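Peer 1: Contents are mmCIF, C-alpha atoms; file name data38.cif:
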```cif
data_entry
#
loop_
_atom_site.label_atom_id
_atom_site.label_comp_id
_atom_site.auth_asym_id
_atom_site.auth_seq_id
_atom_site.Cartn_x
_atom_site.Cartn_y
_atom_site.Cartn_z
CA MET G 204 -147.17 -35.45 -18.75
CA ASN G 205 -146.88 -38.29 -21.29
CA ASP G 206 -146.67 -37.11 -24.92
CA SER G 207 -149.13 -39.80 -26.10
CA SER G 208 -151.91 -38.34 -24.01
CA TRP G 209 -152.34 -35.36 -26.37
CA GLY G 210 -153.97 -37.69 -29.02
CA ALA G 211 -152.73 -35.75 -32.10
CA PRO G 212 -152.67 -37.76 -35.41
CA PRO G 213 -149.60 -37.81 -37.65
CA HIS G 214 -149.69 -35.49 -40.66
CA THR G 215 -147.66 -34.72 -43.65
CA GLY G 216 -145.75 -31.53 -44.22
CA SER G 217 -148.40 -30.28 -46.65
CA GLN G 218 -150.92 -29.75 -43.89
CA ALA G 219 -150.67 -26.22 -42.48
CA GLY G 220 -150.95 -25.76 -38.78
CA TYR G 221 -149.42 -29.11 -37.72
CA TRP G 222 -145.77 -28.26 -38.00
CA GLY G 223 -143.70 -26.92 -35.20
CA PRO G 224 -141.89 -23.58 -35.35
CA HIS G 225 -139.88 -22.95 -38.53
CA ASP G 226 -141.56 -25.94 -40.29
CA GLN G 227 -138.90 -28.40 -39.25
CA GLY G 228 -141.19 -31.42 -39.36
CA PRO G 229 -144.13 -32.90 -37.62
CA VAL G 230 -144.52 -32.47 -33.92
CA GLN G 231 -142.62 -35.18 -32.12
CA GLY G 232 -144.42 -37.61 -29.92
CA ALA G 233 -147.81 -37.43 -31.63
CA ALA G 234 -149.68 -40.77 -31.39
CA PRO G 235 -151.65 -42.34 -34.29
CA ALA G 236 -155.22 -41.26 -34.61
CA GLY G 237 -157.66 -43.45 -32.77
CA PRO G 238 -160.96 -44.72 -34.05
CA ALA G 239 -162.74 -41.71 -32.59
CA TYR G 240 -161.04 -39.43 -35.10
CA ASP G 241 -161.87 -39.36 -38.79
CA ALA G 242 -160.13 -37.46 -41.53
CA PRO G 243 -162.55 -34.58 -41.99
CA LYS G 244 -162.65 -33.72 -38.32
CA ALA G 245 -158.97 -34.31 -37.82
CA GLN G 246 -158.21 -31.47 -40.19
CA GLN G 247 -159.77 -29.06 -37.70
CA THR G 248 -157.69 -30.17 -34.77
CA ARG G 249 -154.46 -28.43 -33.70
CA PRO G 250 -151.59 -29.96 -31.86
CA MET G 251 -151.11 -29.09 -28.18
CA PRO G 252 -147.74 -27.72 -27.13
CA ILE G 253 -145.18 -30.04 -25.69
CA VAL G 254 -144.42 -29.28 -22.04
CA PRO G 255 -140.85 -30.26 -21.25
CA ASP G 256 -140.09 -32.27 -18.14
CA GLY G 257 -137.49 -29.77 -16.88
CA PRO G 258 -137.93 -26.10 -16.11
CA VAL G 259 -138.52 -23.79 -18.99
CA PRO G 260 -135.50 -21.57 -19.63
CA GLY G 261 -136.07 -18.16 -18.15
CA TYR G 262 -138.84 -19.42 -15.81
CA GLY G 263 -136.91 -20.86 -12.97
CA ASP G 264 -138.00 -20.78 -9.34
CA ASP G 265 -136.00 -17.62 -8.71
CA GLN G 266 -137.77 -15.69 -11.49
CA ASP G 267 -140.70 -13.35 -10.93
CA ASP G 268 -144.01 -15.28 -11.19
CA ASP G 269 -145.84 -12.41 -12.83
CA ARG G 270 -143.20 -12.13 -15.55
CA GLY G 271 -143.38 -15.86 -16.26
CA ALA G 272 -147.14 -15.78 -16.45
CA ALA G 273 -146.97 -12.94 -18.90
CA ARG G 274 -144.59 -14.86 -21.18
CA LEU G 275 -146.63 -18.09 -21.12
CA SER G 276 -149.82 -16.27 -21.95
CA GLY G 277 -148.69 -15.35 -25.50
CA PRO G 278 -148.94 -17.62 -28.59
CA LEU G 279 -146.51 -20.57 -28.50
CA PHE G 280 -146.43 -21.08 -32.29
CA ARG G 281 -146.17 -18.65 -35.13
CA ASP G 282 -149.34 -19.83 -36.87
CA GLU G 283 -151.31 -19.48 -33.63
CA SER G 284 -151.14 -15.69 -33.67
CA PRO G 285 -154.49 -14.04 -34.53
CA GLN G 286 -153.15 -12.77 -37.83
CA ALA G 287 -152.06 -16.28 -38.97
CA GLN G 288 -155.24 -18.21 -38.17
CA THR G 289 -156.84 -19.40 -41.43
CA TYR G 290 -159.82 -21.31 -40.15
CA ASP G 291 -163.15 -19.61 -39.68
CA MET G 292 -165.28 -20.53 -36.72
CA PRO G 293 -168.86 -19.37 -36.47
CA GLN G 294 -169.21 -16.75 -33.77
CA ALA G 295 -172.36 -16.36 -31.79
CA PRO G 296 -173.82 -12.88 -31.65
CA PRO G 297 -173.20 -11.13 -28.38
CA HIS G 298 -175.84 -11.63 -25.77
CA PRO G 299 -178.00 -8.57 -25.33
CA ALA G 300 -177.21 -8.52 -21.64
CA ALA G 301 -173.49 -8.45 -22.40
CA GLN G 302 -173.75 -5.29 -24.49
CA GLN G 303 -172.63 -2.21 -22.68
CA ASN G 304 -175.18 0.46 -22.07
CA PRO G 305 -174.28 3.35 -24.37
CA GLU G 306 -175.62 5.80 -21.78
CA PRO G 307 -173.67 5.92 -18.50
CA MET G 308 -175.59 5.04 -15.42
CA PRO G 309 -176.12 7.95 -13.05
CA ASP G 310 -173.91 7.93 -9.98
CA ALA G 311 -175.55 6.69 -6.87
CA PRO G 312 -176.30 9.55 -4.46
CA GLN G 313 -173.63 9.77 -1.80
CA PRO G 314 -174.69 10.39 1.78
CA ALA G 315 -173.98 13.94 2.90
CA PRO G 316 -171.04 14.16 5.31
CA PRO G 317 -172.03 14.97 8.87
CA PRO G 318 -171.68 18.67 9.70
CA GLN G 319 -168.44 19.45 11.46
CA LYS G 320 -168.73 21.08 14.82
CA LYS G 321 -166.74 24.25 15.25
CA SER G 322 -163.85 23.94 17.63
CA ALA G 323 -162.29 26.68 19.70
CA GLY G 324 -158.83 25.27 19.00
CA ARG G 325 -157.75 25.47 22.66
CA ASP G 326 -158.56 23.91 26.01
CA LEU G 327 -161.30 26.28 27.11
CA GLY G 328 -161.44 24.83 30.62
CA ALA G 329 -157.75 25.50 31.22
CA ALA G 330 -157.98 28.89 29.52
CA ILE G 331 -160.87 30.01 31.74
CA GLY G 332 -159.17 28.71 34.88
CA VAL G 333 -155.90 30.49 34.10
CA GLY G 334 -157.76 33.67 33.16
CA VAL G 335 -159.69 33.71 36.43
CA GLY G 336 -156.50 33.09 38.42
CA LEU G 337 -154.68 35.94 36.70
CA GLY G 338 -157.66 38.21 37.24
CA VAL G 339 -157.69 37.52 40.96
CA VAL G 340 -153.97 38.28 41.28
CA ILE G 341 -154.28 41.50 39.27
CA ILE G 342 -157.37 42.80 41.08
CA ALA G 343 -155.97 41.97 44.52
CA SER G 344 -152.66 43.70 43.85
CA LEU G 345 -154.34 46.63 42.11
CA PHE G 346 -156.65 47.65 44.94
CA VAL G 347 -154.55 46.63 47.95
CA VAL G 348 -151.10 48.11 47.33
CA LYS G 349 -150.26 49.93 44.11
CA ALA G 350 -146.58 49.08 44.38
CA VAL G 351 -147.43 45.37 44.35
CA PHE G 352 -149.27 45.80 41.07
CA VAL G 353 -146.26 47.63 39.64
CA GLY G 354 -144.18 44.62 40.64
CA VAL G 355 -146.65 42.29 38.87
CA VAL G 356 -146.32 44.38 35.69
CA ALA G 357 -142.50 44.29 35.94
CA VAL G 358 -142.50 40.49 36.33
CA ALA G 359 -144.81 40.10 33.33
CA VAL G 360 -142.48 42.34 31.30
CA VAL G 361 -139.38 40.29 32.20
CA VAL G 362 -141.11 36.98 31.34
CA GLY G 363 -142.39 38.44 28.07
CA LEU G 364 -138.87 39.59 27.14
CA TRP G 365 -137.50 36.13 27.91
CA GLU G 366 -140.12 34.48 25.66
CA LEU G 367 -139.54 36.91 22.81
CA THR G 368 -135.73 36.73 22.85
CA SER G 369 -135.82 32.93 23.19
CA ARG G 370 -138.03 32.53 20.12
CA LEU G 371 -135.86 34.96 18.13
CA GLN G 372 -132.75 32.92 18.90
CA GLU G 373 -134.40 29.55 18.27
CA ARG G 374 -136.08 30.42 14.98
CA LYS G 375 -133.90 33.16 13.47
CA GLY G 376 -130.56 32.86 15.24
CA ILE G 377 -130.92 36.44 16.57
CA LYS G 378 -129.23 36.88 19.96
CA ALA G 379 -130.85 39.92 21.55
CA PRO G 380 -129.10 40.38 24.92
CA LEU G 381 -131.60 39.39 27.62
CA VAL G 382 -129.75 40.66 30.73
CA PRO G 383 -129.76 44.39 29.84
CA LEU G 384 -133.28 44.04 28.44
CA ALA G 385 -134.65 42.45 31.62
CA LEU G 386 -132.94 44.93 33.97
CA GLY G 387 -133.78 47.92 31.81
CA GLY G 388 -137.36 46.76 31.27
CA ALA G 389 -138.09 46.41 34.98
CA ALA G 390 -136.44 49.79 35.64
CA MET G 391 -138.52 51.30 32.84
CA VAL G 392 -141.82 50.26 34.47
CA VAL G 393 -140.74 51.57 37.87
CA ALA G 394 -139.51 54.86 36.33
CA GLY G 395 -142.84 55.34 34.57
CA TYR G 396 -144.69 54.92 37.86
CA VAL G 397 -142.35 57.20 39.82
CA ARG G 398 -141.38 59.86 37.26
CA GLY G 399 -144.09 59.58 34.62
CA ALA G 400 -143.48 59.82 30.89
CA GLU G 401 -140.16 61.63 31.34
CA GLY G 402 -138.79 58.83 33.50
CA ALA G 403 -140.02 56.20 31.01
CA TRP G 404 -138.23 57.89 28.09
CA VAL G 405 -134.97 58.21 30.02
CA ALA G 406 -135.11 54.56 31.05
CA MET G 407 -135.83 53.55 27.46
CA ALA G 408 -132.77 55.45 26.17
CA LEU G 409 -130.49 53.95 28.83
CA THR G 410 -131.80 50.42 28.08
CA ALA G 411 -131.06 50.85 24.36
CA LEU G 412 -127.54 52.06 25.18
CA ALA G 413 -127.00 49.10 27.50
CA VAL G 414 -128.03 46.72 24.71
CA LEU G 415 -125.50 48.27 22.32
CA VAL G 416 -122.66 48.02 24.84
CA TRP G 417 -123.52 44.52 26.11
CA ARG G 418 -123.48 43.06 22.62
CA MET G 419 -119.93 44.38 22.08
CA THR G 420 -118.58 41.63 24.34
CA GLU G 421 -119.30 39.05 21.62
CA PRO G 422 -117.93 38.64 18.08
CA PRO G 423 -119.06 41.30 15.58
CA GLU G 424 -120.87 38.84 13.29
CA GLY G 425 -124.59 39.57 13.52
CA TYR G 426 -124.11 42.64 15.72
CA LEU G 427 -126.49 44.85 13.78
CA LYS G 428 -129.41 42.44 13.73
CA ASP G 429 -128.91 41.52 17.40
CA VAL G 430 -128.94 45.10 18.69
CA THR G 431 -131.80 46.04 16.36
CA ALA G 432 -133.88 43.18 17.76
CA GLY G 433 -132.88 44.22 21.28
CA VAL G 434 -134.01 47.84 20.83
CA PHE G 435 -137.25 46.62 19.23
CA ALA G 436 -137.91 44.28 22.17
CA ALA G 437 -137.23 47.10 24.66
CA PHE G 438 -139.78 49.34 22.98
CA TYR G 439 -142.36 46.64 22.23
CA VAL G 440 -142.64 45.12 25.72
CA PRO G 441 -141.45 47.29 28.65
CA PHE G 442 -141.86 50.76 27.17
CA LEU G 443 -145.49 50.20 26.17
CA ALA G 444 -146.14 48.61 29.56
CA THR G 445 -145.00 51.78 31.35
CA PHE G 446 -148.26 53.47 30.30
CA VAL G 447 -150.11 51.05 32.57
CA ALA G 448 -147.92 52.18 35.48
CA MET G 449 -148.52 55.84 34.54
CA MET G 450 -152.31 55.29 34.59
CA LEU G 451 -151.94 54.01 38.12
CA THR G 452 -150.48 57.30 39.39
CA ALA G 453 -153.83 59.17 39.13
CA ASP G 454 -156.14 59.48 42.12
CA ASP G 455 -158.55 57.02 40.52
CA GLY G 456 -155.62 55.10 39.04
CA PRO G 457 -156.84 51.60 40.00
CA TRP G 458 -160.17 52.27 38.28
CA ARG G 459 -158.42 53.56 35.19
CA VAL G 460 -156.29 50.44 35.00
CA LEU G 461 -159.35 48.29 35.62
CA THR G 462 -161.19 50.07 32.79
CA PHE G 463 -158.22 49.49 30.50
CA LEU G 464 -158.13 45.78 31.35
CA LEU G 465 -161.90 45.31 31.12
CA LEU G 466 -162.21 47.00 27.74
CA THR G 467 -159.35 44.98 26.26
CA VAL G 468 -160.72 41.69 27.59
CA VAL G 469 -164.29 42.53 26.49
CA SER G 470 -163.02 43.46 23.02
CA ASP G 471 -161.19 40.15 22.66
CA THR G 472 -164.19 38.23 24.02
CA GLY G 473 -166.63 39.96 21.68
CA ALA G 474 -164.40 39.30 18.69
CA TYR G 475 -164.08 35.64 19.62
CA ALA G 476 -167.77 35.05 20.38
CA VAL G 477 -169.19 36.82 17.32
CA GLY G 478 -166.46 35.55 14.99
CA TRP G 479 -166.85 31.95 16.15
CA ARG G 480 -170.63 32.03 15.71
CA PHE G 481 -171.13 34.28 12.68
CA GLY G 482 -167.68 34.69 11.12
CA ARG G 483 -167.69 34.20 7.35
CA HIS G 484 -165.40 36.86 5.83
CA LYS G 485 -161.70 36.78 6.66
CA LEU G 486 -160.20 39.95 8.08
CA ALA G 487 -156.50 39.29 7.37
CA PRO G 488 -156.13 35.71 6.08
CA ARG G 489 -152.39 36.01 5.39
CA ILE G 490 -151.67 37.14 8.94
CA SER G 491 -154.33 35.51 11.11
CA PRO G 492 -156.73 33.18 9.27
CA GLY G 493 -159.01 32.84 12.30
CA LYS G 494 -160.00 36.50 12.49
CA THR G 495 -163.08 37.67 10.61
CA ARG G 496 -164.75 40.96 9.83
CA GLU G 497 -167.77 39.85 11.79
CA GLY G 498 -165.50 39.27 14.77
CA LEU G 499 -164.14 42.80 14.43
CA LEU G 500 -167.68 44.19 14.49
CA GLY G 501 -168.32 42.14 17.61
CA ALA G 502 -165.20 43.55 19.24
CA VAL G 503 -166.25 47.12 18.44
CA SER G 504 -169.82 46.61 19.67
CA PHE G 505 -168.85 44.92 22.93
CA ALA G 506 -166.05 47.39 23.66
CA MET G 507 -168.19 50.47 23.01
CA VAL G 508 -170.95 49.27 25.32
CA ALA G 509 -168.42 48.39 28.03
CA GLY G 510 -166.63 51.70 27.53
CA ALA G 511 -169.82 53.69 28.01
CA LEU G 512 -170.58 51.83 31.23
CA CYS G 513 -167.03 52.14 32.58
CA MET G 514 -166.69 55.86 31.85
CA GLN G 515 -170.11 56.55 33.38
CA PHE G 516 -169.70 54.54 36.60
CA LEU G 517 -165.97 53.94 37.21
CA ILE G 518 -164.07 57.02 36.05
CA ASP G 519 -164.39 60.33 37.92
CA ASP G 520 -166.00 63.04 35.78
CA GLY G 521 -166.39 60.58 32.89
CA ALA G 522 -169.29 60.61 30.41
CA TRP G 523 -170.92 57.76 28.53
CA TRP G 524 -170.22 59.24 25.09
CA GLN G 525 -166.52 59.36 26.00
CA GLY G 526 -166.80 55.66 26.73
CA LEU G 527 -168.10 55.04 23.21
CA VAL G 528 -165.04 56.73 21.74
CA LEU G 529 -162.76 54.92 24.17
CA GLY G 530 -164.32 51.54 23.34
CA LEU G 531 -163.94 52.11 19.61
CA ALA G 532 -160.27 53.05 20.03
CA VAL G 533 -159.62 50.04 22.28
CA ALA G 534 -161.20 47.62 19.78
CA ALA G 535 -159.02 49.04 16.99
CA SER G 536 -155.76 49.04 18.98
CA ALA G 537 -156.37 45.59 20.49
CA THR G 538 -157.05 44.11 17.05
CA LEU G 539 -153.95 45.74 15.57
CA GLY G 540 -151.87 44.52 18.50
CA ASP G 541 -153.13 40.98 18.05
CA LEU G 542 -152.40 41.12 14.32
CA GLY G 543 -148.95 42.56 15.00
CA GLU G 544 -147.94 39.69 17.24
CA SER G 545 -149.49 37.23 14.78
CA MET G 546 -147.24 38.76 12.11
CA ILE G 547 -144.20 38.14 14.32
CA LYS G 548 -145.24 34.56 14.98
CA ARG G 549 -145.85 33.90 11.28
CA ASP G 550 -142.37 35.20 10.54
CA LEU G 551 -140.93 32.94 13.24
CA GLY G 552 -143.04 29.96 12.13
CA ILE G 553 -144.60 29.32 15.56
CA LYS G 554 -148.13 29.21 16.94
CA ASP G 555 -147.50 30.52 20.45
CA MET G 556 -144.70 32.47 22.08
CA GLY G 557 -144.54 30.03 24.98
CA THR G 558 -146.33 27.37 27.02
CA LEU G 559 -146.32 28.99 30.45
CA LEU G 560 -150.09 29.55 30.58
CA PRO G 561 -152.17 26.42 29.77
CA GLY G 562 -154.92 27.21 27.28
CA HIS G 563 -153.36 30.60 26.46
CA GLY G 564 -149.79 29.94 25.36
CA GLY G 565 -147.20 32.28 26.80
CA ILE G 566 -147.24 35.61 28.59
CA MET G 567 -146.68 37.42 25.29
CA ASP G 568 -149.77 35.73 23.86
CA ARG G 569 -151.79 37.56 26.56
CA LEU G 570 -149.90 40.85 26.30
CA ASP G 571 -150.26 41.14 22.53
CA SER G 572 -153.47 43.20 22.64
CA LEU G 573 -152.76 44.87 26.01
CA LEU G 574 -149.41 46.46 25.15
CA PRO G 575 -150.48 48.66 22.20
CA THR G 576 -153.78 49.48 23.92
CA ALA G 577 -152.12 50.90 27.06
CA PRO G 578 -150.84 54.17 25.50
CA VAL G 579 -154.16 54.68 23.67
CA VAL G 580 -156.23 54.41 26.88
CA TRP G 581 -153.75 56.54 28.85
CA LEU G 582 -153.86 59.32 26.26
CA LEU G 583 -157.67 59.37 25.88
CA LEU G 584 -158.22 59.37 29.64
CA VAL G 585 -155.82 62.29 30.01
CA LEU G 586 -157.70 64.16 27.28
CA PHE G 587 -161.15 63.37 28.69
CA VAL G 588 -160.67 63.71 32.46
CA GLY G 589 -157.08 64.87 32.93
CA SER G 590 -154.07 63.18 34.48
CA GLY G 591 -155.67 63.51 37.97
#
```
Could you spell out this file's structure in structure tokens?
Peer 2:
Amino acid sequence: MNDSSWGAPPHTGSQAGYWGPHDQGPVQGAAPAGPAYDAPKAQQTRPMPIVPDGPVPGYGDDQDDDRGAARLSGPLFRDESPQAQTYDMPQAPPHPAAQQNPEPMPDAPQPAPPPQKKSAGRDLGAAIGVGVGLGVVIIASLFVVKAVFVGVVAVAVVVGLWELTSRLQERKGIKAPLVPLALGGAAMVVAGYVRGAEGAWVAMALTALAVLVWRMTEPPEGYLKDVTAGVFAAFYVPFLATFVAMMLTADDGPWRVLTFLLLTVVSDTGAYAVGWRFGRHKLAPRISPGKTREGLLGAVSFAMVAGALCMQFLIDDGAWWQGLVLGLAVAASATLGDLGESMIKRDLGIKDMGTLLPGHGGIMDRLDSLLPTAPVVWLLLVLFVGSG
């Protein structure tokens, strides 16, 4: 831009506000005042800054644009700072509309979020389909040939041991020996069916010994935790499952096993249905956040009603009041078993023990409430109606 276009008149050094920085003389390039400017008005005019033809130092093309804008926005001359301005200009009073309202405006009402629909958290279609399929296999083997049902229990035990030992190794680095556990677990179920409680205890002791010896073939590092986990797995899965095989040995054994299965399933179903619909108070939030006290009441109610019906119509010499006691005990043991496996899964940092059963998880996710319930039902049936 041409310097003469600014139209600033020449002034003497006595006039404040017309000198450049450091008062080194009049601003260069100022043109004489034209006829449109007179002396009184010219004293109120200020010179415009000179824009050099080349780039301003520090504001080249490779510099940040925001930083350059920030530097150019400040006062270019010393006497242009607000503290150095000596002229007084009349200021118009602020417009009433521009004044801020001293009282804050109330917030506009926000639309209420749509209510969230409760979700079951699993594929219910797949879960129901898998449950019906398992039920058909169990019922068919239970009432056709008892030995076939014992084989089904042994297979479930071996798969459950595989899931448990695999998760222990993956998440904790614990190598519980699977081979002696699988062989000993299957033998334990068969021994319980053939020789009763005595055979189950002997098989349990031999399985624990086999775990101790098998682990000696590997380096000693981690030996104690590996064999401890192995003995725990042997007791938790196959030994508790032997009580199902021992129930089967009675004359009405299939009906006893069916009662045991029905009460456990009804307890879980009642807990789920009532807890999902009415659950408000957490039962054990640190272990299983989904379980509620209302769900526990549902489990107890459903199981007691089912127990009274089963003892009255399915079990020889059974009475309805015995079914009430049996249902209450099943609801308690099934809930504790579910919480126990949830505790293991929380420690391992997993949601399910496996993915073998769509909609359910793994075999151990279905055995969690059945395993601790089996000895409870076996004992109460022996007390109520004998070992038959």
Peer 1: With a distance cut-off of 7 Å and all atoms listed in the file, select the neighbouring residues of segment 544-549 of chain G, excluding the residue or stretch itself and same-chain residues fewer than 4 positions from it, and output the selection as a list in words.
Peer 2: Ile490, Ser491, Gly540, Ile553, Lys554 and Asp571 of chain G
Peer 1: Given the choices G:Leu527, G:Leu427, G:Val447, G:Leu499, which gets closest to Leu582 of chain G if the distance is worked out from all atoms listed in the file?
Peer 2: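 Smallest distance to Leu582 of chain G is found for G:Val447.
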Peer 1: Starting from the PyMOL selection byres ((chain G and resi 364-380) around 7), expand the selection into actual residues of this file and give them as number ranges by chain.
Peer 2: G: 360-363, 381-385, 414, 418, 428-430, 432-433, 436, 440, 551, 556-557
Peer 1: Name every residue that the PyMOL selection byres ((chain G and resi 487-489) around 12) selects in this structure, writing the answer as number ranges by chain with chains first and numbers rising.
Peer 2: G: 483-486, 490-496, 498-499, 538-539, 541-543, 545-546, 549-550
Peer 1: I'd like to know which of G:Gly501, G:Pro457, G:Gly521, G:Gly478 is closest to Phe346 of chain G, using only C-alpha atoms.
Peer 2: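 Of all the options, G:Pro457 lies closest to Phe346 of chain G.
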Peer 1: Name every residue that the PyMOL selection byres ((chain G and resi 572) around 12) selects in this structure, writing the answer as a ChimeraX atom specification with chains first and numbers rising.
Peer 2: /G:439-440,443-444,463-464,466-472,533-545,566-571,573-579
Peer 1: Report the distance between atom CA of Gly482 of chain G and atom CA of Glu497 of chain G in Å, rounded to one decimal place.
Peer 2: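 Taking atom CA of Gly482 of chain G and atom CA of Glu497 of chain G, their separation equals 5.2 Å.
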